[in-house]
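Next comes run32.cif, with mmCIF, C-alpha atoms and all ligand atoms.
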```cif
data_input
loop_
_atom_site.label_atom_id
_atom_site.label_comp_id
_atom_site.auth_asym_id
_atom_site.auth_seq_id
_atom_site.Cartn_x
_atom_site.Cartn_y
_atom_site.Cartn_z
CA MET W 28 -35.78 -90.50 22.79
CA ASN W 29 -34.31 -87.16 23.84
CA GLN W 30 -35.84 -86.01 27.16
CA LYS W 31 -34.43 -82.48 27.09
CA LYS W 32 -36.35 -79.93 25.02
CA PRO W 33 -34.19 -78.51 22.23
CA VAL W 34 -33.21 -74.85 22.40
CA VAL W 35 -34.72 -73.51 19.18
CA PHE W 36 -33.91 -69.98 18.00
CA LEU W 37 -36.24 -68.27 15.50
CA THR W 38 -34.50 -65.49 13.61
CA ARG W 39 -37.75 -63.77 12.52
CA LYS W 40 -41.32 -63.41 13.73
CA LEU W 41 -43.36 -66.43 12.55
CA PRO W 42 -47.17 -66.82 12.66
CA ASP W 43 -48.49 -66.68 16.22
CA SER W 44 -49.84 -70.23 16.18
CA THR W 45 -46.50 -71.58 14.89
CA GLU W 46 -44.63 -69.76 17.64
CA THR W 47 -47.10 -70.89 20.33
CA ARG W 48 -46.77 -74.54 19.29
CA MET W 49 -43.00 -74.20 19.26
CA ARG W 50 -43.10 -72.77 22.79
CA GLU W 51 -45.18 -75.79 23.88
CA LEU W 52 -42.89 -78.35 22.29
CA PHE W 53 -39.44 -76.78 22.48
CA ASP W 54 -37.39 -74.32 24.46
CA ALA W 55 -38.17 -71.80 21.73
CA ARG W 56 -36.61 -68.32 21.71
CA LEU W 57 -38.62 -65.86 19.64
CA ASN W 58 -37.72 -62.68 17.79
CA GLU W 59 -40.84 -60.67 18.58
CA SER W 60 -39.54 -57.47 17.00
CA ASP W 61 -39.06 -59.32 13.66
CA ALA W 62 -36.00 -57.14 12.95
CA PRO W 63 -33.41 -59.14 10.96
CA LEU W 64 -30.59 -60.08 13.33
CA SER W 65 -27.13 -58.54 12.98
CA GLY W 66 -24.03 -60.66 12.37
CA ASP W 67 -23.09 -60.38 16.05
CA GLU W 68 -26.58 -61.41 17.16
CA MET W 69 -26.50 -64.41 14.82
CA ARG W 70 -23.08 -65.46 16.13
CA ALA W 71 -24.39 -65.21 19.68
CA ILE W 72 -27.44 -67.40 19.06
CA VAL W 73 -25.63 -70.18 17.19
CA LYS W 74 -23.45 -70.58 20.29
CA GLU W 75 -26.56 -71.50 22.29
CA ALA W 76 -29.00 -73.03 19.79
CA ASP W 77 -29.57 -76.76 19.36
CA VAL W 78 -31.74 -75.84 16.41
CA LEU W 79 -31.66 -72.66 14.30
CA VAL W 80 -34.79 -71.63 12.38
CA PRO W 81 -33.64 -69.07 9.81
CA THR W 82 -35.38 -67.57 6.79
CA VAL W 83 -34.26 -66.36 3.39
CA THR W 84 -33.19 -63.04 4.96
CA ASP W 85 -30.41 -64.67 7.00
CA ARG W 86 -26.94 -65.45 5.68
CA ILE W 87 -25.86 -68.80 7.11
CA ASP W 88 -22.35 -68.84 5.68
CA ALA W 89 -19.25 -70.88 6.53
CA ASP W 90 -18.04 -68.26 9.05
CA LEU W 91 -21.31 -68.35 10.97
CA ILE W 92 -21.32 -72.15 10.94
CA ALA W 93 -17.71 -72.14 12.18
CA ALA W 94 -18.81 -69.86 15.06
CA ALA W 95 -21.57 -72.30 16.13
CA GLY W 96 -21.29 -74.34 19.28
CA ASP W 97 -21.04 -78.14 19.02
CA GLN W 98 -24.65 -78.42 20.22
CA LEU W 99 -26.02 -76.93 16.96
CA LYS W 100 -27.20 -79.98 15.07
CA LEU W 101 -30.12 -78.78 12.95
CA ILE W 102 -30.84 -75.80 10.72
CA ALA W 103 -34.59 -76.04 10.09
CA SER W 104 -35.13 -73.28 7.54
CA PHE W 105 -38.53 -71.63 7.16
CA GLY W 106 -38.74 -71.64 3.34
CA THR W 107 -37.97 -73.80 0.36
CA GLY W 108 -34.90 -72.13 -1.15
CA VAL W 109 -31.68 -72.94 0.70
CA ASP W 110 -29.26 -70.71 -1.17
CA HIS W 111 -28.81 -68.59 1.97
CA ILE W 112 -27.20 -71.58 3.71
CA ASP W 113 -23.71 -72.92 3.03
CA LEU W 114 -24.75 -76.56 2.77
CA ALA W 115 -21.22 -77.90 2.38
CA ALA W 116 -20.07 -76.11 5.54
CA ALA W 117 -23.11 -77.44 7.42
CA ARG W 118 -22.46 -80.99 6.22
CA ALA W 119 -18.78 -80.74 7.17
CA ARG W 120 -19.85 -79.81 10.73
CA GLY W 121 -22.41 -82.65 10.86
CA ILE W 122 -25.34 -80.21 10.89
CA THR W 123 -28.56 -81.39 9.23
CA VAL W 124 -30.44 -78.85 7.09
CA THR W 125 -34.18 -79.03 6.41
CA ASN W 126 -36.53 -76.82 4.38
CA THR W 127 -40.29 -76.62 3.69
CA PRO W 128 -40.92 -77.87 0.15
CA GLY W 129 -44.34 -78.52 -1.33
CA VAL W 130 -46.48 -76.19 0.79
CA LEU W 131 -45.72 -73.03 -1.17
CA THR W 132 -45.85 -74.54 -4.66
CA GLU W 133 -49.37 -73.47 -5.62
CA ASP W 134 -49.09 -69.98 -4.11
CA THR W 135 -45.84 -69.25 -5.91
CA ALA W 136 -47.25 -70.58 -9.19
CA ASP W 137 -50.25 -68.26 -8.75
CA VAL W 138 -47.96 -65.25 -8.51
CA ALA W 139 -45.99 -66.38 -11.57
CA LEU W 140 -49.25 -66.50 -13.53
CA ALA W 141 -50.34 -63.16 -12.09
CA LEU W 142 -47.14 -61.59 -13.44
CA MET W 143 -47.54 -63.41 -16.76
CA LEU W 144 -50.93 -61.77 -17.16
CA ALA W 145 -50.05 -58.43 -15.58
CA VAL W 146 -47.16 -57.46 -17.83
CA PRO W 147 -48.46 -58.21 -21.36
CA ARG W 148 -51.94 -56.96 -20.43
CA ARG W 149 -50.53 -53.85 -18.65
CA ILE W 150 -52.55 -54.49 -15.48
CA ALA W 151 -50.38 -52.42 -13.11
CA GLU W 152 -50.21 -49.54 -15.59
CA GLY W 153 -53.98 -49.77 -16.02
CA ASP W 154 -54.54 -49.58 -12.28
CA LYS W 155 -52.40 -46.42 -12.11
CA ARG W 156 -54.27 -44.91 -15.06
CA ALA W 157 -57.69 -45.63 -13.52
CA ARG W 158 -56.70 -43.97 -10.23
CA SER W 159 -54.86 -41.04 -11.81
CA GLY W 160 -57.84 -38.86 -12.51
CA ASN W 161 -56.51 -38.50 -16.08
CA TRP W 162 -58.40 -41.38 -17.63
CA THR W 163 -60.41 -39.95 -20.50
CA GLY W 164 -62.48 -43.10 -21.11
CA TRP W 165 -62.41 -46.14 -23.35
CA SER W 166 -60.70 -45.84 -26.70
CA PRO W 167 -60.20 -48.37 -29.49
CA THR W 168 -56.45 -47.91 -29.37
CA GLY W 169 -56.03 -47.21 -25.66
CA MET W 170 -53.84 -49.35 -23.37
CA LEU W 171 -53.31 -52.13 -25.89
CA GLY W 172 -51.31 -55.06 -24.65
CA HIS W 173 -50.53 -58.49 -26.05
CA ARG W 174 -52.68 -61.61 -26.11
CA ILE W 175 -51.70 -64.53 -23.87
CA ASN W 176 -53.79 -67.22 -25.55
CA GLY W 177 -51.91 -69.19 -28.20
CA LYS W 178 -48.44 -68.06 -27.11
CA ARG W 179 -45.50 -70.24 -26.08
CA LEU W 180 -44.30 -70.38 -22.48
CA GLY W 181 -40.72 -71.49 -21.76
CA ILE W 182 -40.27 -72.74 -18.19
CA ILE W 183 -36.75 -72.90 -16.79
CA GLY W 184 -36.81 -75.58 -14.08
CA MET W 185 -39.66 -78.06 -14.28
CA GLY W 186 -39.78 -79.06 -10.62
CA ARG W 187 -42.82 -78.75 -8.37
CA ILE W 188 -43.35 -75.03 -8.96
CA GLY W 189 -42.49 -75.15 -12.68
CA SER W 190 -45.02 -77.95 -13.17
CA ALA W 191 -47.69 -76.03 -11.21
CA VAL W 192 -47.02 -73.00 -13.45
CA ALA W 193 -47.37 -75.23 -16.52
CA ARG W 194 -50.71 -76.65 -15.37
CA ARG W 195 -52.13 -73.16 -14.83
CA ALA W 196 -50.66 -71.78 -18.04
CA ARG W 197 -52.39 -74.46 -20.10
CA GLY W 198 -55.70 -73.06 -18.86
CA PHE W 199 -54.74 -69.70 -20.34
CA GLY W 200 -54.05 -71.28 -23.73
CA LEU W 201 -50.26 -71.22 -23.53
CA SER W 202 -48.28 -74.10 -24.97
CA ILE W 203 -45.63 -75.47 -22.66
CA HIS W 204 -41.91 -75.62 -23.39
CA TYR W 205 -39.31 -76.31 -20.75
CA HIS W 206 -35.64 -76.58 -20.03
CA ASN W 207 -34.52 -78.79 -17.18
CA ARG W 208 -31.45 -80.83 -16.28
CA LYS W 209 -33.37 -83.80 -17.66
CA PRO W 210 -36.81 -84.35 -19.17
CA VAL W 211 -39.67 -84.93 -16.74
CA HIS W 212 -41.47 -88.26 -16.63
CA PRO W 213 -43.00 -89.04 -20.06
CA GLU W 214 -46.47 -89.23 -18.51
CA ALA W 215 -46.16 -85.73 -17.02
CA GLU W 216 -44.77 -84.45 -20.31
CA ALA W 217 -47.68 -85.98 -22.22
CA GLU W 218 -50.25 -84.60 -19.78
CA LEU W 219 -48.90 -81.07 -20.21
CA GLU W 220 -48.19 -81.60 -23.93
CA ALA W 221 -44.83 -80.11 -23.02
CA THR W 222 -41.81 -79.79 -25.29
CA TYR W 223 -38.41 -80.42 -23.70
CA TRP W 224 -35.42 -78.33 -24.76
CA GLU W 225 -32.05 -79.69 -23.77
CA SER W 226 -30.58 -76.41 -25.01
CA LEU W 227 -31.75 -73.41 -22.99
CA ASP W 228 -30.36 -71.09 -25.68
CA GLN W 229 -32.52 -72.67 -28.34
CA MET W 230 -35.63 -72.46 -26.19
CA LEU W 231 -35.06 -68.80 -25.24
CA SER W 232 -35.13 -67.64 -28.84
CA ARG W 233 -38.41 -69.42 -29.60
CA VAL W 234 -40.78 -68.71 -26.73
CA ASP W 235 -42.99 -65.69 -26.00
CA ILE W 236 -42.83 -65.80 -22.19
CA VAL W 237 -39.93 -67.12 -20.11
CA SER W 238 -40.66 -68.19 -16.53
CA VAL W 239 -37.77 -68.78 -14.13
CA ASN W 240 -38.66 -71.59 -11.71
CA CYS W 241 -35.33 -73.25 -10.97
CA PRO W 242 -33.60 -73.00 -7.58
CA HIS W 243 -30.58 -70.73 -7.17
CA THR W 244 -27.56 -73.02 -7.06
CA PRO W 245 -23.95 -72.63 -8.26
CA ALA W 246 -25.14 -74.12 -11.57
CA THR W 247 -27.98 -71.61 -12.08
CA SER W 248 -26.30 -68.47 -10.71
CA GLY W 249 -26.27 -65.94 -13.56
CA LEU W 250 -27.89 -68.49 -15.87
CA LEU W 251 -29.80 -65.75 -17.68
CA ASN W 252 -26.77 -63.60 -18.39
CA ARG W 253 -26.69 -60.81 -20.96
CA GLU W 254 -25.89 -63.16 -23.87
CA ARG W 255 -28.82 -65.44 -23.03
CA LEU W 256 -31.23 -62.55 -22.40
CA GLU W 257 -30.27 -61.18 -25.82
CA LEU W 258 -31.49 -64.43 -27.37
CA MET W 259 -35.06 -63.59 -26.32
CA GLN W 260 -37.37 -62.19 -28.96
CA PRO W 261 -38.10 -58.43 -28.74
CA SER W 262 -41.77 -59.34 -28.27
CA ALA W 263 -41.01 -61.71 -25.37
CA TYR W 264 -41.60 -61.32 -21.61
CA LEU W 265 -39.62 -62.58 -18.62
CA VAL W 266 -41.15 -63.62 -15.30
CA ASN W 267 -39.01 -64.48 -12.27
CA THR W 268 -40.53 -65.87 -9.06
CA SER W 269 -37.47 -67.97 -8.12
CA ARG W 270 -34.33 -66.09 -7.14
CA GLY W 271 -32.90 -62.82 -8.46
CA GLU W 272 -29.41 -64.28 -8.72
CA VAL W 273 -30.47 -66.46 -11.67
CA VAL W 274 -30.87 -63.34 -13.85
CA ASP W 275 -28.38 -60.56 -14.62
CA GLU W 276 -30.58 -57.75 -13.31
CA ALA W 277 -28.50 -54.87 -14.74
CA ALA W 278 -28.45 -56.43 -18.22
CA LEU W 279 -32.17 -57.12 -17.98
CA ALA W 280 -32.89 -53.47 -17.10
CA GLU W 281 -30.89 -52.30 -20.12
CA LEU W 282 -32.55 -54.74 -22.51
CA LEU W 283 -36.00 -53.75 -21.22
CA ALA W 284 -35.20 -50.03 -21.58
CA SER W 285 -34.04 -50.53 -25.18
CA ARG W 286 -37.05 -52.82 -25.87
CA HIS W 287 -34.85 -55.78 -26.81
CA ILE W 288 -37.20 -57.54 -24.37
CA ALA W 289 -40.85 -56.46 -24.28
CA GLY W 290 -41.41 -56.61 -20.52
CA ALA W 291 -40.70 -58.35 -17.23
CA GLY W 292 -42.54 -59.35 -14.07
CA LEU W 293 -40.23 -59.80 -11.10
CA ASP W 294 -40.92 -60.97 -7.55
CA VAL W 295 -37.30 -61.58 -6.56
CA TYR W 296 -34.02 -59.65 -6.77
CA ALA W 297 -30.34 -60.46 -6.39
CA ASP W 298 -29.77 -58.05 -3.48
CA GLU W 299 -33.10 -57.87 -1.66
CA PRO W 300 -34.52 -55.53 -0.51
CA ASN W 301 -32.48 -53.45 -2.99
CA ILE W 302 -33.75 -53.36 -6.56
CA THR W 303 -31.65 -52.20 -9.51
CA PRO W 304 -32.77 -48.52 -9.72
CA ALA W 305 -33.08 -48.61 -13.52
CA LEU W 306 -35.89 -51.17 -13.21
CA MET W 307 -37.96 -48.86 -11.01
CA THR W 308 -38.73 -46.32 -13.70
CA LEU W 309 -39.55 -48.68 -16.57
CA PRO W 310 -43.23 -48.82 -17.58
CA ASN W 311 -42.93 -52.32 -19.06
CA VAL W 312 -42.02 -53.92 -15.73
CA VAL W 313 -44.14 -55.11 -12.80
CA LEU W 314 -42.19 -55.37 -9.56
CA LEU W 315 -43.41 -57.27 -6.49
CA PRO W 316 -41.74 -57.40 -3.05
CA HIS W 317 -41.01 -61.19 -2.87
CA ILE W 318 -44.60 -62.24 -2.15
CA GLY W 319 -44.66 -65.51 -4.12
CA SER W 320 -45.40 -67.62 -1.06
CA ALA W 321 -47.01 -64.89 1.05
CA THR W 322 -50.37 -66.44 1.94
CA ILE W 323 -51.62 -66.97 5.48
CA GLU W 324 -52.34 -70.62 4.67
CA GLY W 325 -48.88 -71.15 3.21
CA ARG W 326 -47.06 -69.56 6.13
CA LEU W 327 -48.97 -71.78 8.60
CA GLU W 328 -48.10 -74.88 6.60
CA MET W 329 -44.47 -73.80 6.42
CA GLY W 330 -44.53 -73.44 10.21
CA ASP W 331 -46.06 -76.92 10.60
CA LYS W 332 -43.31 -78.37 8.42
CA VAL W 333 -40.58 -76.70 10.45
CA ILE W 334 -42.11 -78.07 13.67
CA ILE W 335 -42.37 -81.61 12.26
CA ASN W 336 -38.80 -81.43 10.97
CA ILE W 337 -37.49 -80.36 14.38
CA GLN W 338 -39.56 -82.90 16.34
CA THR W 339 -38.63 -85.76 13.99
CA PHE W 340 -34.96 -84.88 14.22
CA TRP W 341 -35.03 -84.44 17.98
CA ASP W 342 -36.76 -87.83 18.32
CA GLY W 343 -33.76 -89.36 16.57
CA HIS W 344 -35.19 -89.89 13.09
CA ALA W 345 -34.22 -88.48 9.70
CA PRO W 346 -36.60 -85.60 8.88
CA ARG W 347 -38.37 -86.00 5.59
CA ASP W 348 -37.40 -82.52 4.37
CA ARG W 349 -33.67 -82.80 4.90
CA VAL W 350 -31.79 -81.07 2.12
CA ILE W 351 -29.32 -83.18 0.26
CA GLU W 352 -26.97 -81.15 -1.91
CA ALA W 353 -27.03 -83.65 -4.74
CA MET W 354 -30.76 -83.04 -5.11
CA LEU W 355 -30.24 -79.37 -5.99
C1 LIG Z 1 -40.19 -67.80 1.39
C2 LIG Z 1 -39.03 -68.34 -0.78
O1 LIG Z 1 -41.20 -67.06 1.90
O2 LIG Z 1 -39.28 -70.42 0.28
C3 LIG Z 1 -38.65 -69.75 -0.49
O3 LIG Z 1 -37.68 -70.22 -1.09
O4 LIG Z 1 -38.48 -67.76 -1.63
C4 LIG Z 1 -40.04 -67.54 -0.06
O5 LIG Z 1 -41.18 -67.44 -0.81
C5 LIG Z 1 -38.90 -67.49 2.11
O6 LIG Z 1 -37.88 -68.28 1.66
C6 LIG Z 1 -39.02 -67.63 3.61
O7 LIG Z 1 -37.77 -67.92 4.17
#
```
Show how you would write the structure in this file as structure tokens.
Amino acid sequence: MNQKKPVVFLTRKLPDSTETRMRELFDARLNESDAPLSGDEMRAIVKEADVLVPTVTDRIDADLIAAAGDQLKLIASFGTGVDHIDLAAARARGITVTNTPGVLTEDTADVALALMLAVPRRIAEGDKRARSGNWTGWSPTGMLGHRINGKRLGIIGMGRIGSAVARRARGFGLSIHYHNRKPVHPEAEAELEATYWESLDQMLSRVDIVSVNCPHTPATSGLLNRERLELMQPSAYLVNTSRGEVVDEAALAELLASRHIAGAGLDVYADEPNITPALMTLPNVVLLPHIGSATIEGRLEMGDKVIINIQTFWDGHAPRDRVIEAML
């Protein structure tokens, strides 16, 4: 067992209790200001860190990994997605990468459902109308949206979060369709009464709501390009709580403006915190600032996972949450 405490650098402010525990267990260096670190600051800390704890807002690319000192052996990311880390470069340098899967599944699925309800039922627009002072009262034809019950939901990526979305959606009377690299276990499929589509293109043209729940990988980057988005029905809605890079945001904005797609609910964007300006002015869009996993409970559990991953690794064992590229 390693007697020395690892030097652990946190790139962002984490919950107080997570940071306190890290200070007890490790030689933890905090970022109390929470300001994202510059490239130079990142290069300086990887020269000293035994363990780096980054978040989705950090770019851990091959150049940064090349600048790291030999002592850097673990990147224990605070989050599930690992598309901000060059996994191949880390592997080549013998650096283990871990993430925090499982603990943000239910929270992210909740936000996907919230968007699924908010856009067709015009919830955000309704909130603005109610506060505007211009609401003239109930009317038989006022603020009509579209019914959720009885519609078809097409889930892209039936992993943990996709399955949690499916379970919730069934409660709202949606039937479940999904596209995945391979079908899920027959028992899970039967429980959800889910229909598997090997062809994403075929599924897109048949469902009423599309939910993006796959990770961002080289295989899914730009998956919903203009041609695929055009396959969606003009009455269909798109919800993305995964990663912006999976969808061509500019094409989506155009198709929403011309009503080739009825509406969209987005929590993630390709170039956060920048959002394609054309999306900002569209009434048929609900935009959230990447809050899928933003619950106090979830953040604490993410912190616990990071701590366990670091301690397990430092004790000489393989952490349970190590990221293996082939799994993505
Ligand atoms: C996290 C996320 O909050 O975990 C993910 O993949 O997208 C977020 O919801 C973020 O990654 C924290 O680093």
*When you draw a straight line from CA of Ile334 in chain W to CA of Ala191 in chain W, how long is it in Å?*
25.6 Å
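Here the question is which of W:Val273, W:Ile351, W:Ala215, W:Ile188 gets nearest to Asn240 in chain W using only C-alpha atoms, and that residue is W:Ile188.
The nearest approach to ligand LIG 1 (chain Z) among the residues W:Cys241, W:Ala95, W:Ala116, W:Ala291, with only C-alpha atoms and all ligand atoms taken into account, belongs to W:Cys241.
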Output, as lines of an AutoDock Vina configuration file, the centre and edge lengths in Å (one decimal) of the axis-aligned box that contains all listed atoms of ligand LIG 1 (chain Z) with 3 Å of margin on each side.
```
center_x = -39.4
center_y = -68.7
center_z = 1.3
size_x = 9.5
size_y = 9.4
size_z = 11.8
```
Could I get the residue neighbourhood of ligand LIG 1 (chain Z) at 7 Å, counting all atoms listed in the file, as a short mmCIF file (atom, residue, chain, number, x, y, z; two decimals) with C-alpha atoms, in the frame of the given file?
```cif
data_model
loop_
_atom_site.label_atom_id
_atom_site.label_comp_id
_atom_site.auth_asym_id
_atom_site.auth_seq_id
_atom_site.Cartn_x
_atom_site.Cartn_y
_atom_site.Cartn_z
CA THR W 82 -35.38 -67.57 6.79
CA VAL W 83 -34.26 -66.36 3.39
CA THR W 84 -33.19 -63.04 4.96
CA SER W 104 -35.13 -73.28 7.54
CA PHE W 105 -38.53 -71.63 7.16
CA GLY W 106 -38.74 -71.64 3.34
CA THR W 107 -37.97 -73.80 0.36
CA GLY W 108 -34.90 -72.13 -1.15
CA VAL W 109 -31.68 -72.94 0.70
CA SER W 269 -37.47 -67.97 -8.12
CA HIS W 317 -41.01 -61.19 -2.87
CA ILE W 318 -44.60 -62.24 -2.15
CA GLY W 319 -44.66 -65.51 -4.12
CA SER W 320 -45.40 -67.62 -1.06
CA ALA W 321 -47.01 -64.89 1.05
#
```
_As an exercise, work out the distance from CA of Arg326 in chain W to CA of Thr45 in chain W in Å and give it to one decimal place._
9.0 Å
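Nearest to Lys32 in chain W of all the residues W:Ser44, W:Asn301, W:Asp77, W:Thr268 is W:Asp77, counting all atoms listed in the file.
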*Pick from W:Ala284, W:Ile175, W:Val350, W:Leu131, whichever lies nearest to Met143 in chain W using only C-alpha atoms*: W:Ile175
*Closest to Leu57 in chain W among W:Ser159, W:Thr123, W:Asn252, W:Thr38, using only C-alpha atoms?*
W:Thr38
*Find the residue from W:Asn207, W:Thr125, W:Ser226, W:Thr322 that sits nearest to Ala103 in chain W; use all atoms listed in the file when measuring.*
W:Thr125
*Quick one: pull the distance between CA of Gln98 in chain W and CA of Arg70 in chain W, Å, one decimal.*
13.7 Å
*Residues at most 10 Å from Leu180 in chain W, counting all atoms listed in the file, excluding those fewer than 2 positions away in the same chain, as an MDAnalysis selection string?*
chainID W and resid 143 175 177:178 182:183 192:193 196:197 200:205 221 230:231 233:238 263:265
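Taking all atoms listed in the file, the non-local environment of range 49-55 of chain W within 10 Å (same-chain residues fewer than 3 positions away omitted) comprises Lys31, Lys32, Pro33, Val34, Val35, Phe36, Leu37, Asp43, Ser44, Thr45, Glu46, Asn58, Ala76, Asp77, Val78, Leu79, Val80, Gly330, Asp331, Val333, Ile334, Ile337, Gln338 and Trp341 of chain W.
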*Please identify all polymer residues within 10 Å of His243 in chain W, counting all atoms listed in the file, omitting same-chain residues fewer than 5 positions from it, and present them as a ChimeraX atom specification.*
/W:108-111,248-250,269-274,355
*asked:* Can you pull out the residues contacting Glu276 in chain W? Cut-off 9 Å, using only C-alpha atoms, and skip same-chain residues under 6 positions away; I want them as a PyMOL selection string.
replied: chain W and resi 252+296-297+302-303+306
